[in-house]
$ cat run.txt   # compact mmCIF, C-alpha atoms and all ligand atoms
# COMPACT_ATOMS: atom_id res chain seq x y z
CA MET A 1 -20.09 17.21 -7.33
CA THR A 2 -17.79 19.72 -5.69
CA ALA A 3 -14.73 17.73 -4.63
CA GLN A 4 -11.54 17.80 -6.67
CA ILE A 5 -10.22 14.38 -7.67
CA ILE A 6 -6.84 13.22 -6.37
CA ASP A 7 -5.58 11.39 -9.44
CA GLY A 8 -3.52 8.45 -8.17
CA LYS A 9 -2.91 7.11 -11.64
CA THR A 10 -1.24 10.29 -12.89
CA ILE A 11 0.74 10.80 -9.68
CA SER A 12 1.89 7.19 -9.73
CA LYS A 13 3.07 7.48 -13.35
CA LYS A 14 5.15 10.52 -12.40
CA ILE A 15 6.74 8.78 -9.41
CA GLN A 16 7.32 5.60 -11.42
CA ALA A 17 9.24 7.64 -13.99
CA GLU A 18 11.42 9.04 -11.18
CA ILE A 19 12.02 5.53 -9.81
CA GLY A 20 12.89 4.39 -13.35
CA THR A 21 15.51 7.12 -13.65
CA ALA A 22 16.96 6.27 -10.23
CA ALA A 23 16.99 2.54 -11.05
CA GLY A 24 18.80 3.32 -14.32
CA GLN A 25 21.42 5.37 -12.48
CA PHE A 26 21.81 2.56 -9.94
CA PHE A 27 22.37 0.10 -12.80
CA ASP A 28 24.96 2.39 -14.42
CA ALA A 29 26.84 2.69 -11.13
CA THR A 30 26.67 -0.96 -10.03
CA GLY A 31 25.78 -3.13 -13.04
CA VAL A 32 22.89 -4.48 -10.97
CA LYS A 33 19.28 -4.37 -12.11
CA PRO A 34 16.92 -4.38 -9.11
CA LYS A 35 14.75 -7.49 -9.11
CA LEU A 36 11.41 -8.25 -7.50
CA ALA A 37 10.23 -11.84 -7.00
CA ALA A 38 6.46 -12.19 -6.60
CA VAL A 39 5.03 -15.38 -5.13
CA LEU A 40 1.47 -16.17 -6.15
CA VAL A 41 -0.23 -19.22 -4.61
CA GLY A 42 -3.46 -20.37 -6.26
CA ASP A 43 -5.57 -18.54 -8.81
CA ASP A 44 -7.52 -15.83 -6.97
CA PRO A 45 -8.66 -13.52 -9.81
CA ALA A 46 -8.04 -10.25 -7.90
CA SER A 47 -4.51 -11.38 -7.02
CA GLN A 48 -3.84 -12.10 -10.71
CA VAL A 49 -4.85 -8.52 -11.59
CA TYR A 50 -2.60 -7.01 -8.90
CA VAL A 51 0.36 -9.18 -9.82
CA ARG A 52 -0.04 -8.25 -13.49
CA ASN A 53 -0.19 -4.54 -12.58
CA LYS A 54 2.98 -4.96 -10.56
CA GLU A 55 4.81 -6.68 -13.43
CA ARG A 56 3.84 -3.92 -15.87
CA ALA A 57 4.90 -1.20 -13.47
CA CYS A 58 8.26 -2.91 -12.95
CA GLU A 59 8.88 -2.88 -16.69
CA ARG A 60 8.19 0.85 -16.83
CA ALA A 61 10.64 1.50 -13.98
CA ASN A 62 13.74 -0.48 -15.06
CA ILE A 63 13.03 -3.15 -12.45
CA GLU A 64 13.23 -6.85 -13.24
CA SER A 65 10.34 -8.95 -12.01
CA GLU A 66 9.74 -12.66 -11.91
CA LEU A 67 6.52 -14.41 -10.92
CA PHE A 68 6.71 -17.69 -8.99
CA ARG A 69 3.46 -19.63 -8.98
CA LEU A 70 2.38 -22.47 -6.72
CA PRO A 71 -0.91 -24.39 -6.98
CA SER A 72 -3.80 -23.58 -4.63
CA SER A 73 -3.12 -26.97 -2.95
CA ALA A 74 0.40 -25.89 -1.86
CA THR A 75 1.43 -26.60 1.75
CA THR A 76 3.04 -24.20 4.22
CA ASP A 77 6.33 -26.09 3.82
CA GLU A 78 6.25 -25.68 0.05
CA VAL A 79 5.66 -21.93 0.23
CA VAL A 80 8.27 -21.53 2.99
CA GLY A 81 10.71 -23.57 0.88
CA LEU A 82 10.21 -21.29 -2.13
CA VAL A 83 10.71 -18.17 0.01
CA GLN A 84 13.93 -19.65 1.46
CA LYS A 85 15.19 -20.29 -2.06
CA LEU A 86 14.46 -16.65 -2.99
CA ASN A 87 16.15 -15.42 0.22
CA GLU A 88 19.32 -17.19 -0.88
CA ASP A 89 19.17 -15.97 -4.48
CA SER A 90 21.51 -12.97 -4.68
CA GLN A 91 19.87 -11.85 -7.96
CA VAL A 92 16.59 -11.28 -6.11
CA HIS A 93 16.42 -8.07 -4.05
CA GLY A 94 12.75 -7.90 -3.11
CA ILE A 95 10.27 -10.67 -2.26
CA LEU A 96 6.51 -10.22 -2.24
CA VAL A 97 4.18 -13.01 -1.16
CA GLN A 98 0.79 -12.08 -2.53
CA LEU A 99 -2.00 -12.21 0.05
CA PRO A 100 -4.41 -13.79 0.74
CA LEU A 101 -2.80 -17.23 0.91
CA PRO A 102 -5.00 -20.36 0.80
CA ASP A 103 -6.43 -21.37 4.21
CA GLN A 104 -4.18 -24.40 4.69
CA VAL A 105 -1.06 -22.20 4.41
CA ASP A 106 0.18 -20.57 7.63
CA ALA A 107 0.58 -17.00 6.36
CA LEU A 108 2.47 -15.72 9.41
CA GLN A 109 5.02 -18.51 9.14
CA VAL A 110 5.53 -17.69 5.45
CA LEU A 111 5.85 -13.93 6.00
CA ASP A 112 8.24 -14.43 8.93
CA THR A 113 10.48 -16.44 6.59
CA VAL A 114 11.06 -13.53 4.19
CA ASP A 115 14.56 -12.08 4.68
CA PRO A 116 13.83 -8.71 6.40
CA LYS A 117 16.26 -6.99 4.00
CA LYS A 118 14.18 -8.27 1.04
CA ASP A 119 10.82 -7.58 2.71
CA VAL A 120 9.46 -4.96 0.30
CA ASP A 121 5.95 -5.23 1.81
CA ALA A 122 7.38 -4.36 5.27
CA PHE A 123 5.32 -7.15 6.87
CA HIS A 124 8.22 -8.83 8.74
CA PRO A 125 8.20 -8.18 12.53
CA GLU A 126 11.70 -6.68 12.32
CA ASN A 127 10.48 -4.07 9.83
CA VAL A 128 7.24 -3.48 11.75
CA GLY A 129 9.36 -2.95 14.88
CA LEU A 130 11.71 -0.53 13.14
CA LEU A 131 8.73 1.45 11.87
CA SER A 132 7.10 1.59 15.29
CA GLN A 133 10.36 2.92 16.74
CA GLY A 134 10.44 5.70 14.16
CA ARG A 135 13.47 4.36 12.26
CA PRO A 136 11.88 2.52 9.34
CA ARG A 137 13.78 0.43 6.81
CA PHE A 138 10.94 -0.25 4.36
CA LEU A 139 7.63 1.57 4.64
CA PRO A 140 4.47 -0.44 3.96
CA CYS A 141 3.27 0.16 0.40
CA THR A 142 -0.32 1.34 0.82
CA PRO A 143 0.24 3.71 3.78
CA PHE A 144 3.36 5.24 2.24
CA GLY A 145 1.54 5.49 -1.08
CA ILE A 146 -1.16 7.52 0.68
CA ILE A 147 1.44 9.86 2.17
CA HIS A 148 2.85 10.37 -1.33
CA LEU A 149 -0.65 11.10 -2.66
CA LEU A 150 -1.14 13.75 0.03
CA ALA A 151 2.32 15.27 -0.49
CA ASN A 152 1.88 15.42 -4.25
CA SER A 153 -1.46 17.17 -3.74
CA GLY A 154 0.01 19.69 -1.28
CA ILE A 155 -2.08 18.35 1.61
CA GLU A 156 -0.05 18.58 4.82
CA THR A 157 -0.92 16.44 7.84
CA SER A 158 0.96 18.19 10.66
CA GLY A 159 -1.47 19.27 13.37
CA LYS A 160 -4.46 17.93 11.42
CA ASN A 161 -7.09 15.53 12.69
CA VAL A 162 -6.80 12.31 10.73
CA CYS A 163 -9.37 9.58 11.18
CA ILE A 164 -8.52 6.12 9.90
CA VAL A 165 -11.37 3.63 9.74
CA GLY A 166 -9.99 0.07 9.76
CA ARG A 167 -7.15 -1.33 11.89
CA SER A 168 -5.56 -3.95 9.62
CA ASP A 169 -1.86 -4.81 9.94
CA ILE A 170 -1.42 -3.90 6.27
CA VAL A 171 -3.10 -0.49 6.14
CA GLY A 172 -4.81 1.01 9.19
CA LYS A 173 -2.31 0.18 11.91
CA PRO A 174 0.88 1.21 10.07
CA MET A 175 -0.90 4.27 8.61
CA ALA A 176 -1.72 5.43 12.16
CA LEU A 177 1.89 4.93 13.28
CA MET A 178 3.32 6.80 10.33
CA LEU A 179 0.99 9.78 10.58
CA ALA A 180 1.38 10.11 14.35
CA GLN A 181 5.19 10.14 14.18
CA ARG A 182 7.33 13.26 14.33
CA ASP A 183 8.83 12.86 10.90
CA SER A 184 8.40 11.17 7.55
CA GLU A 185 10.63 10.48 4.58
CA LEU A 186 8.81 13.33 2.80
CA GLY A 187 9.24 15.80 5.65
CA SER A 188 7.69 16.49 9.05
CA GLN A 189 4.75 18.33 7.43
CA TYR A 190 3.58 14.87 6.28
CA ALA A 191 3.64 13.45 9.82
CA ASN A 192 2.64 14.96 13.19
CA ALA A 193 -1.09 14.33 12.80
CA THR A 194 -3.56 13.69 15.61
CA VAL A 195 -4.78 10.25 14.67
CA SER A 196 -7.91 8.35 15.61
CA LEU A 197 -7.85 4.69 14.63
CA CYS A 198 -11.46 3.51 14.44
CA HIS A 199 -12.79 0.00 13.92
CA SER A 200 -15.84 -2.23 14.15
CA ARG A 201 -16.18 -1.75 17.93
CA THR A 202 -15.85 2.04 17.84
CA LYS A 203 -18.80 3.70 19.56
CA ASP A 204 -20.25 6.70 17.76
CA LEU A 205 -18.02 6.37 14.70
CA VAL A 206 -19.53 9.49 13.12
CA ALA A 207 -18.24 11.62 16.02
CA TYR A 208 -14.68 10.66 15.01
CA THR A 209 -15.06 10.76 11.25
CA LYS A 210 -16.82 14.15 11.37
CA MET A 211 -13.87 15.68 13.24
CA ALA A 212 -11.43 14.57 10.59
CA ASP A 213 -9.64 16.98 8.28
CA ILE A 214 -8.42 13.85 6.48
CA LEU A 215 -10.54 10.70 6.49
CA ILE A 216 -8.94 7.42 5.42
CA ALA A 217 -11.34 4.55 4.73
CA ALA A 218 -9.75 1.09 4.90
CA ILE A 219 -12.56 -1.09 6.18
CA GLY A 220 -13.22 -3.47 3.31
CA LYS A 221 -16.96 -2.73 3.19
CA PRO A 222 -18.36 -1.40 -0.10
CA GLU A 223 -19.49 2.27 0.08
CA PHE A 224 -19.58 2.20 3.90
CA ILE A 225 -18.53 5.85 4.33
CA LYS A 226 -21.30 8.29 3.31
CA ALA A 227 -21.67 12.05 3.14
CA GLU A 228 -22.93 12.15 6.74
CA HIS A 229 -19.57 10.82 8.01
CA ILE A 230 -17.63 13.64 6.41
CA LYS A 231 -16.82 17.12 7.67
CA PRO A 232 -17.49 19.68 4.91
CA GLY A 233 -14.22 20.41 3.11
CA ALA A 234 -12.40 17.32 4.39
CA VAL A 235 -9.98 15.26 2.29
CA VAL A 236 -11.22 11.69 1.73
CA ILE A 237 -8.85 8.82 0.92
CA ASP A 238 -10.51 5.59 -0.17
CA VAL A 239 -8.37 2.46 0.24
CA GLY A 240 -11.17 -0.01 -0.47
CA ILE A 241 -11.25 -2.26 -3.52
CA ASN A 242 -14.56 -4.14 -3.54
CA ARG A 243 -15.85 -6.15 -6.47
CA THR A 244 -19.64 -5.86 -6.60
CA ASP A 245 -22.31 -6.43 -9.24
CA ASP A 246 -21.88 -2.72 -10.11
CA GLY A 247 -18.16 -3.29 -10.73
CA LEU A 248 -15.27 -2.02 -8.65
CA VAL A 249 -16.25 0.25 -5.74
CA GLY A 250 -14.37 1.65 -2.79
CA ASP A 251 -15.18 1.83 0.92
CA VAL A 252 -16.59 5.32 0.27
CA ASP A 253 -19.91 6.14 -1.37
CA PHE A 254 -18.15 8.32 -3.92
CA ASP A 255 -21.09 10.30 -5.30
CA SER A 256 -22.45 11.45 -1.93
CA ALA A 257 -18.98 11.96 -0.42
CA ALA A 258 -17.88 14.13 -3.36
CA GLU A 259 -20.68 16.61 -2.53
CA VAL A 260 -19.14 17.29 0.88
CA ALA A 261 -15.39 16.66 0.60
CA SER A 262 -12.89 19.12 -0.87
CA ARG A 263 -10.64 16.40 -2.33
CA ILE A 264 -11.30 12.71 -2.88
CA THR A 265 -9.55 9.67 -4.36
CA PRO A 266 -11.45 7.59 -6.93
CA VAL A 267 -11.60 3.78 -7.11
CA PRO A 268 -10.02 2.62 -9.32
CA GLY A 269 -7.29 5.16 -10.05
CA GLY A 270 -6.62 6.39 -6.50
CA VAL A 271 -4.70 4.52 -3.84
CA GLY A 272 -4.27 1.22 -5.77
CA PRO A 273 -1.69 2.46 -8.31
CA MET A 274 0.26 4.14 -5.48
CA THR A 275 0.55 0.83 -3.62
CA VAL A 276 2.22 -0.64 -6.68
CA THR A 277 4.49 2.38 -7.07
CA ILE A 278 5.86 2.16 -3.53
CA LEU A 279 6.56 -1.52 -4.09
CA LEU A 280 8.90 -0.47 -6.91
CA ASP A 281 10.54 2.13 -4.72
CA ASN A 282 11.06 -0.45 -1.97
CA THR A 283 12.59 -2.87 -4.47
CA LEU A 284 15.15 -0.26 -5.51
CA LYS A 285 15.77 0.49 -1.82
CA ALA A 286 16.28 -3.25 -1.20
CA ALA A 287 18.77 -3.50 -4.07
CA ARG A 288 20.73 -0.58 -2.57
CA LEU A 289 20.70 -2.23 0.88
CA GLN A 290 22.16 -5.40 -0.60
CA GLN A 291 25.16 -3.80 -2.33
N1 LIG B 301 1.75 -9.15 -0.15
C1 LIG B 301 0.81 -8.31 -0.57
N2 LIG B 301 1.11 -7.01 -0.74
C2 LIG B 301 0.16 -6.13 -1.18
O1 LIG B 301 0.44 -4.92 -1.32
C3 LIG B 301 -1.14 -6.61 -1.46
C4 LIG B 301 -1.39 -7.98 -1.29
N3 LIG B 301 -0.42 -8.80 -0.83
N4 LIG B 301 -2.63 -8.47 -1.54
C5 LIG B 301 -3.70 -7.65 -2.01
C6 LIG B 301 -3.54 -6.18 -1.65
C7 LIG B 301 -4.28 -5.27 -2.57
N5 LIG B 301 -3.27 -4.61 -3.36
C8 LIG B 301 -3.50 -3.84 -4.49
C9 LIG B 301 -2.53 -3.66 -5.45
C10 LIG B 301 -2.81 -2.96 -6.61
C11 LIG B 301 -4.05 -2.44 -6.83
C12 LIG B 301 -4.32 -1.73 -8.10
O2 LIG B 301 -3.51 -1.73 -9.00
N6 LIG B 301 -5.49 -1.14 -8.25
C13 LIG B 301 -5.88 -0.45 -9.46
C14 LIG B 301 -6.69 -1.36 -10.38
C15 LIG B 301 -7.68 -2.20 -9.63
C16 LIG B 301 -8.40 -3.25 -10.48
O3 LIG B 301 -8.63 -3.02 -11.68
O4 LIG B 301 -8.73 -4.30 -9.90
C17 LIG B 301 -6.67 0.80 -9.07
O5 LIG B 301 -7.14 0.86 -7.92
O6 LIG B 301 -6.77 1.67 -9.90
C18 LIG B 301 -5.02 -2.60 -5.87
C19 LIG B 301 -4.74 -3.30 -4.70
C20 LIG B 301 -2.06 -4.97 -2.93
N7 LIG B 301 -2.14 -5.82 -1.91
MG MG B 302 -4.82 -0.80 -2.01

$ encode --input "run.txt" --output "C-alpha cells" --more "lines below"
Ligand SMILES: Nc1nc(=O)c2c([nH]1)NC[C@@H]1CN(c3ccc(C(=O)N[C@@H](CCC(=O)O)C(=O)O)cc3)C=[N+]21
Ligand SMILES: [Mg+2]
Amino acid sequence: MTAQIIDGKTISKKIQAEIGTAAGQFFDATGVKPKLAAVLVGDDPASQVYVRNKERACERANIESELFRLPSSATTDEVVGLVQKLNEDSQVHGILVQLPLPDQVDALQVLDTVDPKKDVDAFHPENVGLLSQGRPRFLPCTPFGIIHLLANSGIETSGKNVCIVGRSDIVGKPMALMLAQRDSELGSQYANATVSLCHSRTKDLVAYTKMADILIAAIGKPEFIKAEHIKPGAVVIDVGINRTDDGLVGDVDFDSAAEVASRITPVPGGVGPMTVTILLDNTLKAARLQQ
C-alpha cells in the first residue's frame, strides 16, 4: 500500500473538542445548552448504531441530546405530529429525523415539516435553496464533513477536477453544489472545483473518474470503485457504508485503491465520524440562530 490514510476519527475528535469549547462559551454567555432532538422510527439496526454514535458525540461536545422513538408501524401523521411538537419546543434547537423511514411514512412530508431554523440535516427545501444560491444557513452534514476532512489534510479543491459518483439528495448533489461554488465557510481554496457528477446512467464512467484529482464515491455499492478507476496520486474519499458478510466495507475497494491513490479515507473511521461532527456544529449554529 502506498496511500496515506485520512484519519476521520482523529480529525473528528479534534473538531468535536473545538465545538465543545464553543458550546461551553455559548452556555456561559446565554445560559442555554444547545439541544438536539433525534427522531428514530422503527428498529433498523444501522440507524440504532448511528443514533448511538450521535448521542455519544453530543455528550463529548457539551450538547444535550434526546432520542424520540416511534414504533415501525407509525403513520405519517404520527411522525409529523412529533416533529411539530419538537418545532414548538423552545428547548430543542436542532431536529434530526433519522432516515430511512418505514415505507408507509411519507418521508418528504415529514422532512418538509421540520422548522427550517432547526433543520440540522439541511434537508428542508428552504435550506437546499439557500445552499444552491450560495448563501447557506446549514450545510448538509456528510458533504461539509468531507470538506473539513480535505481542509484538515491540507487538500485544496480550487481548480481541481473533482469527480463525484452518486447523485443522492443527501450526499452527491449537495457535494457537487458546494465544491462548484466560489466560496466555502473554510475559504475559497475549499471551493472552486471543476465537478463532474456521475451516476448509474453515466457513459464511460472511468473516463470521468480517471480525470479526477479528488474522487468521491457515494454510490451505495460495496467496493464498486477499483484501482482502474483512479488516477495515480489522486485523493479518494469513500462515503459508502455497506454491511456485508466480510463486515463493514465502503464503496471503494480499499486494498487495490490504496496502491494507486495518494490519500484515502478508510471505512469505518473516515467520512462517517465527520458526518456526526457536523451535526453537532449545526446544532450549535441552530442554538445561536434561535437566540
Ligand atoms: N436524517 C439523517 N441524517 C443523516 O446524516 C443520516 C441519516 N439520516 N441516515 C443514515 C445516514 C448515514 N449516516 C451515518 C452516520 C454516522 C456514521 C458513523 O458513525 N460511522 C462510523 C461507524 C460506522 C459503524 O460502525 O456502523 C464510521 O464510519 O467510522 C455513518 C453514517 C448518517 N445518515
Ligand atoms: Mg456517511

$ axis_aligned_box --input "run.txt" --around "ligand LIG 301 (chain B)" --padding-each-side "5 Å" --output "JSON"
{"center_x": -3.5, "center_y": -3.7, "center_z": -5.9, "size_x": 20.5, "size_y": 20.8, "size_z": 21.5}

$ residues_near_ligand --input "run.txt" --ligand "ligand LIG 301 (chain B)" --cutoff "10 Å" --atoms "only C-alpha atoms and all ligand atoms" --output "NGL selection string"
:A and (7-9 or 38-40 or 45-54 or 57 or 95-101 or 111 or 119-123 or 140-142 or 170-171 or 238-243 or 247-250 or 265-279)

$ residues_around --input "run.txt" --residues "A:Ser184" --least-positions-apart "4" --cutoff "10 Å" --atoms "only C-alpha atoms" --output "VMD selection string"
chain A and resid 134 to 136 144 147 178 to 180 188 to 192

$ write_last_selection --input "run.txt" --atoms "C-alpha atoms" --output "mmCIF file, keeping the file's coordinate frame"
data_model
loop_
_atom_site.group_PDB
_atom_site.id
_atom_site.type_symbol
_atom_site.label_atom_id
_atom_site.label_comp_id
_atom_site.auth_asym_id
_atom_site.auth_seq_id
_atom_site.Cartn_x
_atom_site.Cartn_y
_atom_site.Cartn_z
ATOM 1 C CA GLY A 134 10.440 5.700 14.160
ATOM 2 C CA ARG A 135 13.470 4.360 12.260
ATOM 3 C CA PRO A 136 11.880 2.520 9.340
ATOM 4 C CA PHE A 144 3.360 5.240 2.240
ATOM 5 C CA ILE A 147 1.440 9.860 2.170
ATOM 6 C CA MET A 178 3.320 6.800 10.330
ATOM 7 C CA LEU A 179 0.990 9.780 10.580
ATOM 8 C CA ALA A 180 1.380 10.110 14.350
ATOM 9 C CA SER A 188 7.690 16.490 9.050
ATOM 10 C CA GLN A 189 4.750 18.330 7.430
ATOM 11 C CA TYR A 190 3.580 14.870 6.280
ATOM 12 C CA ALA A 191 3.640 13.450 9.820
ATOM 13 C CA ASN A 192 2.640 14.960 13.190
#

$ closest_residue --input "run.txt" --among "A:Leu186, A:Thr244, A:Leu149, A:Pro143" --to "ligand MG 302 (chain B)" --atoms "all atoms listed in the file"
A:Pro143

$ atom_distance --input "run.txt" --atom1 "atom CA of A:Pro102" --atom2 "atom CA of A:Val41"
7.3 Å

$ residues_around --input "run.txt" --residues "stretch 80-89 of chain A" --least-positions-apart "2" --cutoff "8 Å" --atoms "all atoms listed in the file" --output "list in words"
Ala37, Thr76, Asp77, Glu78, Gln91, Val92, Ile95, Gln109, Val110, Thr113, Val114, Asp115 and Lys118 of chain A

$ build_atoms --input "run.txt" --residues "stretch 64-87 of chain A" --atoms "N, CA and C atoms" --output "PDB file, in the coordinates of the input"
ATOM      1  N   GLU A  64      13.487  -5.492 -12.762  1.00  0.00           N
ATOM      2  CA  GLU A  64      13.230  -6.850 -13.240  1.00  0.00           C
ATOM      3  C   GLU A  64      12.176  -7.471 -12.323  1.00  0.00           C
ATOM      4  N   SER A  65      11.254  -8.242 -12.898  1.00  0.00           N
ATOM      5  CA  SER A  65      10.340  -8.950 -12.010  1.00  0.00           C
ATOM      6  C   SER A  65      10.173 -10.374 -12.489  1.00  0.00           C
ATOM      7  N   GLU A  66      10.002 -11.274 -11.548  1.00  0.00           N
ATOM      8  CA  GLU A  66       9.740 -12.660 -11.910  1.00  0.00           C
ATOM      9  C   GLU A  66       8.619 -13.174 -11.013  1.00  0.00           C
ATOM     10  N   LEU A  67       7.666 -13.873 -11.649  1.00  0.00           N
ATOM     11  CA  LEU A  67       6.520 -14.410 -10.920  1.00  0.00           C
ATOM     12  C   LEU A  67       6.752 -15.890 -10.653  1.00  0.00           C
ATOM     13  N   PHE A  68       6.598 -16.285  -9.388  1.00  0.00           N
ATOM     14  CA  PHE A  68       6.710 -17.690  -8.990  1.00  0.00           C
ATOM     15  C   PHE A  68       5.340 -18.153  -8.550  1.00  0.00           C
ATOM     16  N   ARG A  69       4.818 -19.153  -9.257  1.00  0.00           N
ATOM     17  CA  ARG A  69       3.460 -19.630  -8.980  1.00  0.00           C
ATOM     18  C   ARG A  69       3.489 -20.981  -8.288  1.00  0.00           C
ATOM     19  N   LEU A  70       2.595 -21.156  -7.329  1.00  0.00           N
ATOM     20  CA  LEU A  70       2.380 -22.470  -6.720  1.00  0.00           C
ATOM     21  C   LEU A  70       0.880 -22.762  -6.817  1.00  0.00           C
ATOM     22  N   PRO A  71       0.515 -24.051  -6.868  1.00  0.00           N
ATOM     23  CA  PRO A  71      -0.910 -24.390  -6.980  1.00  0.00           C
ATOM     24  C   PRO A  71      -1.668 -24.054  -5.704  1.00  0.00           C
ATOM     25  N   SER A  72      -2.986 -23.940  -5.808  1.00  0.00           N
ATOM     26  CA  SER A  72      -3.800 -23.580  -4.630  1.00  0.00           C
ATOM     27  C   SER A  72      -3.759 -24.670  -3.570  1.00  0.00           C
ATOM     28  N   SER A  73      -3.249 -25.863  -3.919  1.00  0.00           N
ATOM     29  CA  SER A  73      -3.120 -26.970  -2.950  1.00  0.00           C
ATOM     30  C   SER A  73      -1.784 -26.936  -2.211  1.00  0.00           C
ATOM     31  N   ALA A  74      -0.954 -25.923  -2.448  1.00  0.00           N
ATOM     32  CA  ALA A  74       0.400 -25.890  -1.860  1.00  0.00           C
ATOM     33  C   ALA A  74       0.338 -25.917  -0.327  1.00  0.00           C
ATOM     34  N   THR A  75       1.343 -26.540   0.279  1.00  0.00           N
ATOM     35  CA  THR A  75       1.430 -26.600   1.750  1.00  0.00           C
ATOM     36  C   THR A  75       2.274 -25.441   2.268  1.00  0.00           C
ATOM     37  N   THR A  76       2.195 -25.219   3.588  1.00  0.00           N
ATOM     38  CA  THR A  76       3.040 -24.200   4.220  1.00  0.00           C
ATOM     39  C   THR A  76       4.512 -24.467   3.914  1.00  0.00           C
ATOM     40  N   ASP A  77       4.920 -25.747   4.058  1.00  0.00           N
ATOM     41  CA  ASP A  77       6.330 -26.090   3.820  1.00  0.00           C
ATOM     42  C   ASP A  77       6.770 -25.769   2.398  1.00  0.00           C
ATOM     43  N   GLU A  78       5.885 -25.979   1.445  1.00  0.00           N
ATOM     44  CA  GLU A  78       6.250 -25.680   0.050  1.00  0.00           C
ATOM     45  C   GLU A  78       6.427 -24.176  -0.157  1.00  0.00           C
ATOM     46  N   VAL A  79       5.541 -23.389   0.417  1.00  0.00           N
ATOM     47  CA  VAL A  79       5.660 -21.930   0.230  1.00  0.00           C
ATOM     48  C   VAL A  79       6.890 -21.429   0.986  1.00  0.00           C
ATOM     49  N   VAL A  80       7.084 -21.920   2.212  1.00  0.00           N
ATOM     50  CA  VAL A  80       8.270 -21.530   2.990  1.00  0.00           C
ATOM     51  C   VAL A  80       9.539 -21.912   2.227  1.00  0.00           C
ATOM     52  N   GLY A  81       9.538 -23.106   1.630  1.00  0.00           N
ATOM     53  CA  GLY A  81      10.710 -23.570   0.880  1.00  0.00           C
ATOM     54  C   GLY A  81      11.023 -22.651  -0.289  1.00  0.00           C
ATOM     55  N   LEU A  82      10.000 -22.210  -1.004  1.00  0.00           N
ATOM     56  CA  LEU A  82      10.210 -21.290  -2.130  1.00  0.00           C
ATOM     57  C   LEU A  82      10.772 -19.962  -1.620  1.00  0.00           C
ATOM     58  N   VAL A  83      10.221 -19.451  -0.530  1.00  0.00           N
ATOM     59  CA  VAL A  83      10.710 -18.170   0.010  1.00  0.00           C
ATOM     60  C   VAL A  83      12.185 -18.314   0.434  1.00  0.00           C
ATOM     61  N   GLN A  84      12.523 -19.444   1.055  1.00  0.00           N
ATOM     62  CA  GLN A  84      13.930 -19.650   1.460  1.00  0.00           C
ATOM     63  C   GLN A  84      14.862 -19.646   0.245  1.00  0.00           C
ATOM     64  N   LYS A  85      14.398 -20.265  -0.827  1.00  0.00           N
ATOM     65  CA  LYS A  85      15.190 -20.290  -2.060  1.00  0.00           C
ATOM     66  C   LYS A  85      15.409 -18.858  -2.576  1.00  0.00           C
ATOM     67  N   LEU A  86      14.356 -18.040  -2.519  1.00  0.00           N
ATOM     68  CA  LEU A  86      14.460 -16.650  -2.990  1.00  0.00           C
ATOM     69  C   LEU A  86      15.331 -15.823  -2.034  1.00  0.00           C
ATOM     70  N   ASN A  87      15.265 -16.101  -0.744  1.00  0.00           N
ATOM     71  CA  ASN A  87      16.150 -15.420   0.220  1.00  0.00           C
ATOM     72  C   ASN A  87      17.609 -15.611  -0.161  1.00  0.00           C
TER      73      ASN A  87
END
